[in-house]
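A short worksheet on the structure shown next.
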Amino acid sequence: MHRVRRRTGAAIAGGLTALALALTGLFTTGAPTAGAETRAVPKHAVTGYWQNFNNGATVQKLSDVPGDYDIVAVAFADATGTPGQLAFNLDSAGLGGYTVDQFKADIKAKQADGKSVILSVGGEKGAVSVNDSASASAFADSAYKLMQEYGFDGVDIDLENGLNSTYMSQALKSLGSKAGSGFVLTMAPQTIDMQSTSAEYFKTALAVKDILTVVNMQYYNSGSMLGCDGKVYSQGTVDFLTALACIQLEGGLDPSQVGIGTPASTRGAGSGYVEPSVVNDALDCLAKGTGCGSFKPSKTYPGIRGAMTWSTNWDAANGNAWSKAVGPHVHGLP
């Protein structure tokens, strides 16, 4: 996601005409999956990325992350010299001497408090490549090893430099079978990645739907995008959140597998920040049909999972304003 900030809207906006055509006949009717409901995650959940580096946001230990967050995604795993293989290196020096033993203990403490802690793969500079069966196996084996070593509950896929749906879904299914029923799988695609069910990210999400917890698309750093009604919406508005979420909700994902991702503060992204109240309005619009802007979905989705933010650190730097407002609202959804 987010070591520096990334993505410009200009390059993406040029593809809107072609994507409008892709929306025709986009939606398929899929039976709701029970997969997400079997995870150790609340019906309505808040996800926050925790920075394993210091980029000017508040430096935190995992124990500093507020209880409003149900899923904490540790950012990020590291690539190795072997394609698909993951490693994790705690930035103890950058985090004020935070030790591996403290980190592992804090993971256990979060889990004892009913939270999930997962390892995020990717980010703006993430170079993990899964493009064949060998790299898919390397991904699954190394991710499972890290889950065992540190106690992670699962993984988050935040790859912004290309994703092969065939082999990534193969890797995730293999990892899920190793991890068992408690496996937590989240994704954080860019807006362009979820405009059509023919996109590799969307195809991956649908292919692993039976083990997928939530897709928290990043509704920022993207420029204008198409909604499910074929109209163009500008980021930073409630319509942008609701009309784009509609594509996923009508494109085959269960409502419990859809979340809204926004920056925790104006410093957390290059563009697309919205006030927490706008996030709450969007959730109400989708779940209850209230608080909508000009876009009104044809039906409500009371099972919508919740919201995500980049990052718990930027949230802390802003007085935890995002989690204090969005957390109770998510947990109060029907």
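Just so we're on the same page: first chain in the structure tokens is A, next is B, and so on; residues restart at 1 for each chain, and ligands are numbered from 1 in the order they show up.
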
Taking the chain letters and numbering used in this document, name the residues of segment 79-244 of chain A that DSSP puts in alpha helix (DSSP H), as a count of residues only. 61

If we count only C-alpha atoms and set the cut-off at 8 Å, which residues sit around segment 304-318 of chain A, ignoring sequence neighbours fewer than 2 positions away in its own chain? Please answer as a PyMOL selection string. chain A and resi 2+43-51+57-60+65+214+216+255-265+267-268+279+283+286-287+301-302+320-323+326+330

With a distance cut-off of 8 Å and only C-alpha atoms, select the neighbouring residues of Leu90 of chain A, excluding the residue or stretch itself and same-chain residues fewer than 3 positions from it, and output the selection as a PyMOL selection string. chain A and resi 52+99-100

Produce a file of the selected residues containing N, CA, C and O atoms, as a PDB file, in the first residue's frame.
ATOM      1  N   ASN A  52       5.383  -1.395  10.028  1.00  0.00           N
ATOM      2  CA  ASN A  52       6.651  -1.942  10.507  1.00  0.00           C
ATOM      3  C   ASN A  52       7.804  -1.090   9.971  1.00  0.00           C
ATOM      4  O   ASN A  52       8.789  -1.598   9.448  1.00  0.00           O
ATOM      5  N   THR A  99      11.344  -5.370  20.328  1.00  0.00           N
ATOM      6  CA  THR A  99      11.999  -6.661  20.098  1.00  0.00           C
ATOM      7  C   THR A  99      11.041  -7.682  19.498  1.00  0.00           C
ATOM      8  O   THR A  99       9.811  -7.555  19.601  1.00  0.00           O
ATOM      9  N   VAL A 100      11.602  -8.702  18.887  1.00  0.00           N
ATOM     10  CA  VAL A 100      10.795  -9.766  18.306  1.00  0.00           C
ATOM     11  C   VAL A 100       9.975 -10.464  19.377  1.00  0.00           C
ATOM     12  O   VAL A 100       8.797 -10.796  19.167  1.00  0.00           O
TER      13      VAL A 100
END

Please provide the set of residues having any atom within 10 Å of Ala199 of chain A, restricted to only C-alpha atoms, with same-chain residues fewer than 4 positions apart removed, written as a PDB file with N, CA and C atoms, in the first residue's frame.
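Result went into part.pdb, see below:
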ATOM      1  N   ALA A  22     -16.874  -2.820 -20.084  1.00  0.00           N
ATOM      2  CA  ALA A  22     -16.736  -4.058 -19.314  1.00  0.00           C
ATOM      3  C   ALA A  22     -17.839  -4.219 -18.294  1.00  0.00           C
ATOM      4  N   LEU A 163      -0.668  -9.086 -10.495  1.00  0.00           N
ATOM      5  CA  LEU A 163      -1.129 -10.267  -9.783  1.00  0.00           C
ATOM      6  C   LEU A 163      -1.668 -11.251 -10.808  1.00  0.00           C
ATOM      7  N   ASN A 164      -1.243 -12.507 -10.701  1.00  0.00           N
ATOM      8  CA  ASN A 164      -1.690 -13.568 -11.590  1.00  0.00           C
ATOM      9  C   ASN A 164      -2.754 -14.373 -10.841  1.00  0.00           C
ATOM     10  N   SER A 165      -4.006 -14.275 -11.310  1.00  0.00           N
ATOM     11  CA  SER A 165      -5.111 -14.898 -10.579  1.00  0.00           C
ATOM     12  C   SER A 165      -4.985 -16.416 -10.503  1.00  0.00           C
ATOM     13  N   ILE A 192      -8.830   0.438  -9.549  1.00  0.00           N
ATOM     14  CA  ILE A 192      -8.774  -0.060 -10.923  1.00  0.00           C
ATOM     15  C   ILE A 192      -8.843  -1.583 -10.978  1.00  0.00           C
ATOM     16  N   ASP A 193      -8.393  -2.229  -9.892  1.00  0.00           N
ATOM     17  CA  ASP A 193      -8.341  -3.686  -9.853  1.00  0.00           C
ATOM     18  C   ASP A 193      -9.701  -4.337  -9.647  1.00  0.00           C
ATOM     19  N   MET A 194     -10.710  -3.546  -9.246  1.00  0.00           N
ATOM     20  CA  MET A 194     -12.019  -4.121  -8.946  1.00  0.00           C
ATOM     21  C   MET A 194     -13.121  -3.505  -9.793  1.00  0.00           C
ATOM     22  N   GLN A 195     -12.772  -2.954 -10.951  1.00  0.00           N
ATOM     23  CA  GLN A 195     -13.764  -2.362 -11.839  1.00  0.00           C
ATOM     24  C   GLN A 195     -14.502  -3.417 -12.662  1.00  0.00           C
ATOM     25  N   LYS A 203     -10.820 -11.594 -10.164  1.00  0.00           N
ATOM     26  CA  LYS A 203     -10.847 -13.023 -10.435  1.00  0.00           C
ATOM     27  C   LYS A 203     -10.256 -13.821  -9.276  1.00  0.00           C
ATOM     28  N   THR A 204      -9.185 -13.301  -8.675  1.00  0.00           N
ATOM     29  CA  THR A 204      -8.577 -13.981  -7.532  1.00  0.00           C
ATOM     30  C   THR A 204      -9.544 -14.017  -6.362  1.00  0.00           C
TER      31      THR A 204
END

Close residues, Val155 of chain A itself excluded, 6 Å, only C-alpha atoms, min 2 positions apart in chain, as a PyMOL selection string: chain A and resi 118-120+185

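Between Leu253 of chain A and the candidates A:Thr197, A:Gln218, A:Ser177, A:Gln235, the tightest atom-to-atom separation, counting only C-alpha atoms, involves A:Thr197.
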
So that I can check the secondary structure, give me every residue of segment 24-273 of chain A assigned strand (DSSP E) by backbone DSSP, as a PyMOL selection string. chain A and resi 45-51+71-75+78-79+86-87+116-123+154-159+184-187+214-218+225-226+232-233+258-263

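Distance-wise, atom CA of Val278 of chain A and atom CA of Tyr219 of chain A end up 12.2 Å apart.
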
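Nearest residue to Asp281 of chain A, choosing from A:Ala40, A:Leu212, A:Val238, A:Met187 and counting only C-alpha atoms: A:Val238.
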
Counting only C-alpha atoms, what is within 12 Å of segment 76-82 of chain A, bar same-chain residues fewer than 5 positions away, as a count of residues only? 42

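Taking atom CA of Glu250 of chain A as the reference point, atom CA of Lys209 of chain A is found at 14.1 Å.
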